[in-house]
>>> print(open('structure.csv').read())   # CSV, C-alpha atoms and all ligand atoms
chain,number,residue,atom,x,y,z
A,734,MET,CA,56.3,-41.4,-39.4
A,735,LYS,CA,56.4,-45.2,-38.9
A,736,LYS,CA,53.2,-45.1,-36.9
A,737,THR,CA,51.4,-43.2,-39.7
A,738,ILE,CA,52.3,-45.8,-42.2
A,739,GLN,CA,51.1,-48.6,-39.9
A,740,ILE,CA,47.7,-46.9,-39.5
A,741,ALA,CA,47.4,-46.4,-43.2
A,742,VAL,CA,48.2,-50.1,-43.8
A,743,SER,CA,45.7,-51.4,-41.3
A,744,MET,CA,43.0,-49.2,-42.7
A,745,PHE,CA,43.8,-50.6,-46.1
A,746,LEU,CA,43.5,-54.1,-44.8
A,747,LEU,CA,40.2,-53.3,-43.2
A,748,CYS,CA,39.0,-52.0,-46.5
A,749,ALA,CA,40.2,-55.1,-48.3
A,750,MET,CA,37.9,-57.2,-46.2
A,751,ALA,CA,34.2,-58.0,-47.0
A,752,ALA,CA,32.6,-54.9,-45.4
A,753,CYS,CA,34.4,-52.4,-47.7
A,754,GLN,CA,33.9,-54.4,-50.8
A,755,LYS,CA,30.2,-54.7,-50.1
A,756,ALA,CA,30.1,-50.9,-49.8
A,757,ALA,CA,31.5,-50.6,-53.2
A,758,GLY,CA,29.0,-53.0,-54.6
A,759,ILE,CA,27.5,-51.9,-57.9
A,760,GLN,CA,28.6,-48.7,-59.6
A,761,VAL,CA,26.1,-47.1,-62.0
A,762,THR,CA,27.4,-44.6,-64.5
A,763,ASP,CA,26.2,-42.7,-67.5
A,764,ALA,CA,22.5,-43.1,-66.7
A,765,TRP,CA,20.3,-41.3,-69.3
A,766,GLY,CA,16.9,-41.5,-70.8
A,767,ARG,CA,15.8,-41.0,-74.4
A,768,ALA,CA,13.6,-38.1,-75.1
A,769,SER,CA,10.2,-39.2,-76.5
A,770,PRO,CA,7.1,-37.3,-77.6
A,771,ASN,CA,4.4,-36.8,-75.0
A,772,VAL,CA,1.9,-38.7,-77.2
A,773,THR,CA,4.1,-41.8,-76.8
A,774,SER,CA,3.3,-43.8,-73.7
A,775,THR,CA,6.8,-45.5,-73.5
A,776,GLY,CA,10.3,-44.4,-72.8
A,777,ALA,CA,13.7,-46.0,-72.3
A,778,PHE,CA,16.7,-45.6,-70.0
A,779,TYR,CA,20.3,-46.6,-70.5
A,780,MET,CA,23.3,-46.9,-68.2
A,781,THR,CA,26.5,-48.8,-67.4
A,782,LEU,CA,26.4,-51.2,-64.5
A,783,GLN,CA,29.8,-52.1,-63.0
A,784,ASN,CA,30.0,-54.9,-60.5
A,785,GLN,CA,32.9,-54.2,-58.1
A,786,THR,CA,32.6,-57.4,-56.1
A,787,ASN,CA,33.7,-60.9,-56.6
A,788,GLU,CA,30.2,-62.3,-56.8
A,789,VAL,CA,27.6,-62.2,-59.6
A,790,ASP,CA,24.8,-59.8,-59.0
A,791,ARG,CA,21.5,-59.2,-60.7
A,792,LEU,CA,19.4,-56.2,-61.5
A,793,THR,CA,16.0,-57.4,-60.5
A,794,GLY,CA,13.9,-54.2,-61.1
A,795,VAL,CA,13.7,-50.5,-61.3
A,796,GLN,CA,11.3,-48.1,-59.7
A,797,THR,CA,10.6,-44.5,-60.7
A,798,THR,CA,7.6,-42.2,-60.2
A,799,ALA,CA,8.0,-41.2,-63.9
A,800,CYS,CA,6.5,-44.5,-65.1
A,801,GLY,CA,3.5,-46.6,-64.3
A,802,THR,CA,5.4,-49.8,-65.1
A,803,VAL,CA,9.1,-50.5,-65.6
A,804,GLU,CA,10.5,-53.6,-67.3
A,805,LEU,CA,14.0,-54.8,-68.2
A,806,HIS,CA,14.1,-55.3,-71.9
A,807,GLU,CA,16.4,-56.5,-74.6
A,808,THR,CA,16.4,-55.7,-78.3
A,809,TYR,CA,16.4,-58.6,-80.8
A,810,MET,CA,16.1,-59.3,-84.4
A,811,THR,CA,12.8,-60.9,-85.4
A,812,GLU,CA,12.7,-63.7,-88.0
A,813,ASP,CA,11.7,-61.3,-90.8
A,814,GLY,CA,14.7,-59.1,-90.0
A,815,ALA,CA,12.9,-56.4,-88.0
A,816,MET,CA,14.0,-55.1,-84.7
A,817,GLY,CA,11.8,-56.1,-81.8
A,818,MET,CA,12.1,-55.9,-78.0
A,819,ARG,CA,11.0,-58.2,-75.2
A,820,PRO,CA,11.4,-58.6,-71.5
A,821,VAL,CA,14.8,-60.2,-70.6
A,822,ALA,CA,14.8,-63.9,-69.8
A,823,GLY,CA,13.9,-64.4,-66.1
A,824,GLY,CA,13.2,-60.6,-65.8
A,825,VAL,CA,16.7,-59.9,-64.5
A,826,ILE,CA,20.0,-58.5,-65.9
A,827,GLU,CA,23.0,-60.4,-64.7
A,828,ILE,CA,26.2,-58.5,-63.9
A,829,PRO,CA,29.3,-60.8,-63.9
A,830,ALA,CA,31.7,-60.6,-60.9
A,831,ASN,CA,34.1,-57.8,-61.5
A,832,GLY,CA,32.4,-57.2,-64.8
A,833,GLU,CA,30.2,-54.6,-66.4
A,834,VAL,CA,27.0,-54.6,-68.5
A,835,ASN,CA,26.1,-51.8,-70.8
A,836,LEU,CA,22.5,-50.8,-71.3
A,837,GLU,CA,22.5,-49.0,-74.6
A,838,PRO,CA,20.3,-48.2,-77.6
A,839,GLY,CA,19.9,-51.4,-79.7
A,840,GLY,CA,20.5,-53.6,-76.7
A,841,LEU,CA,19.5,-53.9,-73.1
A,842,HIS,CA,17.4,-51.1,-71.7
A,843,VAL,CA,15.1,-50.1,-68.9
A,844,MET,CA,11.7,-49.8,-70.4
A,845,CYS,CA,9.3,-47.3,-69.1
A,846,LEU,CA,5.6,-48.2,-69.8
A,847,ASP,CA,2.6,-45.9,-69.1
A,848,LYS,CA,4.8,-42.8,-68.9
A,849,ILE,CA,3.6,-40.4,-66.2
A,850,GLU,CA,6.1,-37.6,-66.7
A,851,ASP,CA,7.2,-35.9,-69.9
A,852,PHE,CA,10.5,-37.2,-71.3
A,853,THR,CA,11.8,-33.8,-72.5
A,854,ALA,CA,15.5,-33.1,-73.1
A,855,GLY,CA,17.3,-31.8,-70.0
A,856,LYS,CA,14.8,-33.2,-67.5
A,857,LYS,CA,16.3,-35.3,-64.7
A,858,ILE,CA,14.5,-38.5,-63.6
A,859,THR,CA,15.4,-40.4,-60.4
A,860,LEU,CA,15.5,-44.2,-60.7
A,861,THR,CA,15.8,-46.7,-57.9
A,862,LEU,CA,17.7,-49.8,-59.1
A,863,LYS,CA,17.2,-53.0,-57.2
A,864,PHE,CA,20.0,-55.5,-57.1
A,865,GLU,CA,19.9,-58.9,-55.6
A,866,LYS,CA,23.1,-58.4,-53.5
A,867,ALA,CA,23.9,-54.7,-53.6
A,868,GLY,CA,20.4,-53.7,-52.6
A,869,GLU,CA,18.9,-50.4,-53.8
A,870,VAL,CA,21.0,-47.9,-55.8
A,871,GLN,CA,19.5,-44.5,-56.7
A,872,VAL,CA,20.6,-42.8,-59.9
A,873,THR,CA,19.6,-39.7,-61.7
A,874,ALA,CA,19.0,-40.1,-65.5
A,875,GLU,CA,19.1,-37.0,-67.7
A,876,ILE,CA,16.8,-37.1,-70.7
A,877,LYS,CA,18.7,-36.6,-73.9
A,878,GLU,CA,17.5,-36.0,-77.4
A,879,VAL,CA,18.6,-38.7,-79.8
A,880,GLN,CA,17.8,-38.6,-83.5
A,881,GLY,CA,16.4,-41.7,-85.4
A,882,MET,CA,17.2,-44.3,-82.8
A,883,SER,CA,15.2,-47.3,-81.7
A,884,ASP,CA,15.3,-48.9,-78.3
B,1,CU,CU,11.7,-52.0,-74.5
>>> encode(input="structure.csv", output="structure tokens", more="lines below")
Ligand SMILES: [Cu+2]
Amino acid sequence: MKKTIQIAVSMFLLCAMAACQKAAGIQVTDAWGRASPNVTSTGAFYMTLQNQTNEVDRLTGVQTTACGTVELHETYMTEDGAMGMRPVAGGVIEIPANGEVNLEPGGLHVMCLDKIEDFTAGKKITLTLKFEKAGEVQVTAEIKEVQGMSD
């Protein structure tokens, strides 16, 4: 009995060290894409990025065979009160140490330009997210129908 506890404790200690924390890295949850008509050449993806490490990390890019080009965008209010969107400053999205960032309609999003595949509800699209420290993380985003919503 005592020996079992010792083993458990030493495994916990191993896990508390750098190697295990790095393995946790960035957790991506709730990845989804907004359904858009086939005549539209653009689409958008949303998700939650959780940084489980003690260091700031940055999402530097996204790759998918569903889009010709992918950019990281933010939504903003133009001077005349309209909603616009533009590439994020520096082209990266920063995720604070032990923090999380939500990519959601009306805010940050992964912008799909020159759509190659159809964004129809129920379809699943694989995205490869590239992080400065955590490296590549693959996620599956399901396309969902959303009524009357902008990026
Ligand atoms: Cu956009």
>>> residues_near_ligand(input="structure.csv", ligand="ligand CU 1 (chain B)", cutoff="10 Å", atoms="all atoms listed in the file", output="PyMOL selection string")
chain A and resi 775-778+803-808+817-821+838-846+883-884
>>> write_last_selection(input="structure.csv", atoms="C-alpha atoms", output="compact mmCIF listing (two decimals), in the frame of the given file")
# COMPACT_ATOMS: atom_id res chain seq x y z
CA THR A 775 6.80 -45.50 -73.50
CA GLY A 776 10.30 -44.40 -72.80
CA ALA A 777 13.70 -46.00 -72.30
CA PHE A 778 16.70 -45.60 -70.00
CA VAL A 803 9.10 -50.50 -65.60
CA GLU A 804 10.50 -53.60 -67.30
CA LEU A 805 14.00 -54.80 -68.20
CA HIS A 806 14.10 -55.30 -71.90
CA GLU A 807 16.40 -56.50 -74.60
CA THR A 808 16.40 -55.70 -78.30
CA GLY A 817 11.80 -56.10 -81.80
CA MET A 818 12.10 -55.90 -78.00
CA ARG A 819 11.00 -58.20 -75.20
CA PRO A 820 11.40 -58.60 -71.50
CA VAL A 821 14.80 -60.20 -70.60
CA PRO A 838 20.30 -48.20 -77.60
CA GLY A 839 19.90 -51.40 -79.70
CA GLY A 840 20.50 -53.60 -76.70
CA LEU A 841 19.50 -53.90 -73.10
CA HIS A 842 17.40 -51.10 -71.70
CA VAL A 843 15.10 -50.10 -68.90
CA MET A 844 11.70 -49.80 -70.40
CA CYS A 845 9.30 -47.30 -69.10
CA LEU A 846 5.60 -48.20 -69.80
CA SER A 883 15.20 -47.30 -81.70
CA ASP A 884 15.30 -48.90 -78.30
>>> residues_around(input="structure.csv", residues="A:Asp847", least_positions_apart="4", cutoff="6 Å", atoms="all atoms listed in the file", output="ChimeraX atom specification")
/A:774,800-801
>>> atom_distance(input="structure.csv", atom1="atom CA of A:Asp851", atom2="atom CA of A:Gln796")
16.4 Å
>>> closest_residue(input="structure.csv", among="A:Asp763, A:Glu865, A:Asp790, A:Asp813", to="A:Asn835", atoms="all atoms listed in the file")
A:Asp763
>>> atom_distance(input="structure.csv", atom1="atom CA of A:Thr773", atom2="atom CA of A:Leu836")
21.2 Å
>>> atom_distance(input="structure.csv", atom1="atom CA of A:Lys877", atom2="atom CA of A:Ala854")
4.8 Å
>>> build_atoms(input="structure.csv", residues="stretch 761-789 of chain A", atoms="N, CA and C atoms", output="mmCIF file, in the frame of the given file")
data_model
loop_
_atom_site.group_PDB
_atom_site.id
_atom_site.type_symbol
_atom_site.label_atom_id
_atom_site.label_comp_id
_atom_site.auth_asym_id
_atom_site.auth_seq_id
_atom_site.Cartn_x
_atom_site.Cartn_y
_atom_site.Cartn_z
ATOM 1 N N VAL A 761 26.899 -47.453 -60.791
ATOM 2 C CA VAL A 761 26.100 -47.100 -62.000
ATOM 3 C C VAL A 761 26.559 -45.816 -62.544
ATOM 4 N N THR A 762 26.923 -45.822 -63.822
ATOM 5 C CA THR A 762 27.400 -44.600 -64.500
ATOM 6 C C THR A 762 26.654 -44.328 -65.757
ATOM 7 N N ASP A 763 26.765 -43.097 -66.214
ATOM 8 C CA ASP A 763 26.200 -42.700 -67.500
ATOM 9 C C ASP A 763 24.706 -43.017 -67.657
ATOM 10 N N ALA A 764 23.935 -42.808 -66.595
ATOM 11 C CA ALA A 764 22.500 -43.100 -66.700
ATOM 12 C C ALA A 764 21.830 -41.940 -67.484
ATOM 13 N N TRP A 765 21.065 -42.315 -68.499
ATOM 14 C CA TRP A 765 20.300 -41.300 -69.300
ATOM 15 C C TRP A 765 19.063 -41.914 -69.853
ATOM 16 N N GLY A 766 18.176 -41.050 -70.241
ATOM 17 C CA GLY A 766 16.900 -41.500 -70.800
ATOM 18 C C GLY A 766 16.752 -40.864 -72.192
ATOM 19 N N ARG A 767 16.046 -41.545 -73.049
ATOM 20 C CA ARG A 767 15.800 -41.000 -74.400
ATOM 21 C C ARG A 767 14.582 -40.173 -74.446
ATOM 22 N N ALA A 768 14.737 -38.984 -74.971
ATOM 23 C CA ALA A 768 13.600 -38.100 -75.100
ATOM 24 C C ALA A 768 12.555 -38.740 -76.021
ATOM 25 N N SER A 769 11.289 -38.650 -75.664
ATOM 26 C CA SER A 769 10.200 -39.200 -76.500
ATOM 27 C C SER A 769 9.044 -38.246 -76.467
ATOM 28 N N PRO A 770 8.293 -38.215 -77.572
ATOM 29 C CA PRO A 770 7.100 -37.300 -77.600
ATOM 30 C C PRO A 770 6.132 -37.597 -76.540
ATOM 31 N N ASN A 771 5.424 -36.574 -76.114
ATOM 32 C CA ASN A 771 4.400 -36.800 -75.000
ATOM 33 C C ASN A 771 3.315 -37.713 -75.424
ATOM 34 N N VAL A 772 3.031 -37.802 -76.744
ATOM 35 C CA VAL A 772 1.900 -38.700 -77.200
ATOM 36 C C VAL A 772 2.344 -40.165 -77.039
ATOM 37 N N THR A 773 3.645 -40.427 -76.966
ATOM 38 C CA THR A 773 4.100 -41.800 -76.800
ATOM 39 C C THR A 773 3.994 -42.211 -75.354
ATOM 40 N N SER A 774 3.538 -43.424 -75.125
ATOM 41 C CA SER A 774 3.300 -43.800 -73.700
ATOM 42 C C SER A 774 4.553 -44.549 -73.151
ATOM 43 N N THR A 775 5.602 -44.723 -73.990
ATOM 44 C CA THR A 775 6.800 -45.500 -73.500
ATOM 45 C C THR A 775 8.046 -44.608 -73.570
ATOM 46 N N GLY A 776 9.034 -45.016 -72.806
ATOM 47 C CA GLY A 776 10.300 -44.400 -72.800
ATOM 48 C C GLY A 776 11.390 -45.412 -72.479
ATOM 49 N N ALA A 777 12.669 -45.039 -72.633
ATOM 50 C CA ALA A 777 13.700 -46.000 -72.300
ATOM 51 C C ALA A 777 14.891 -45.306 -71.620
ATOM 52 N N PHE A 778 15.517 -46.058 -70.707
ATOM 53 C CA PHE A 778 16.700 -45.600 -70.000
ATOM 54 C C PHE A 778 17.878 -46.480 -70.272
ATOM 55 N N TYR A 779 19.054 -45.869 -70.272
ATOM 56 C CA TYR A 779 20.300 -46.600 -70.500
ATOM 57 C C TYR A 779 21.327 -46.246 -69.483
ATOM 58 N N MET A 780 22.293 -47.130 -69.247
ATOM 59 C CA MET A 780 23.300 -46.900 -68.200
ATOM 60 C C MET A 780 24.376 -47.968 -68.281
ATOM 61 N N THR A 781 25.452 -47.752 -67.542
ATOM 62 C CA THR A 781 26.500 -48.800 -67.400
ATOM 63 C C THR A 781 26.452 -49.298 -65.962
ATOM 64 N N LEU A 782 26.406 -50.615 -65.805
ATOM 65 C CA LEU A 782 26.400 -51.200 -64.500
ATOM 66 C C LEU A 782 27.737 -51.933 -64.273
ATOM 67 N N GLN A 783 28.470 -51.498 -63.255
ATOM 68 C CA GLN A 783 29.800 -52.100 -63.000
ATOM 69 C C GLN A 783 29.677 -52.867 -61.651
ATOM 70 N N ASN A 784 30.037 -54.132 -61.705
ATOM 71 C CA ASN A 784 30.000 -54.900 -60.500
ATOM 72 C C ASN A 784 31.458 -54.939 -59.915
ATOM 73 N N GLN A 785 31.601 -54.319 -58.749
ATOM 74 C CA GLN A 785 32.900 -54.200 -58.100
ATOM 75 C C GLN A 785 33.175 -55.260 -57.087
ATOM 76 N N THR A 786 32.373 -56.301 -57.118
ATOM 77 C CA THR A 786 32.600 -57.400 -56.100
ATOM 78 C C THR A 786 32.978 -58.661 -56.854
ATOM 79 N N ASN A 787 33.312 -59.649 -56.054
ATOM 80 C CA ASN A 787 33.700 -60.900 -56.600
ATOM 81 C C ASN A 787 32.594 -61.915 -56.779
ATOM 82 N N GLU A 788 31.375 -61.389 -56.687
ATOM 83 C CA GLU A 788 30.200 -62.300 -56.800
ATOM 84 C C GLU A 788 29.283 -61.719 -57.913
ATOM 85 N N VAL A 789 28.645 -62.620 -58.617
ATOM 86 C CA VAL A 789 27.600 -62.200 -59.600
ATOM 87 C C VAL A 789 26.517 -61.490 -58.902
#
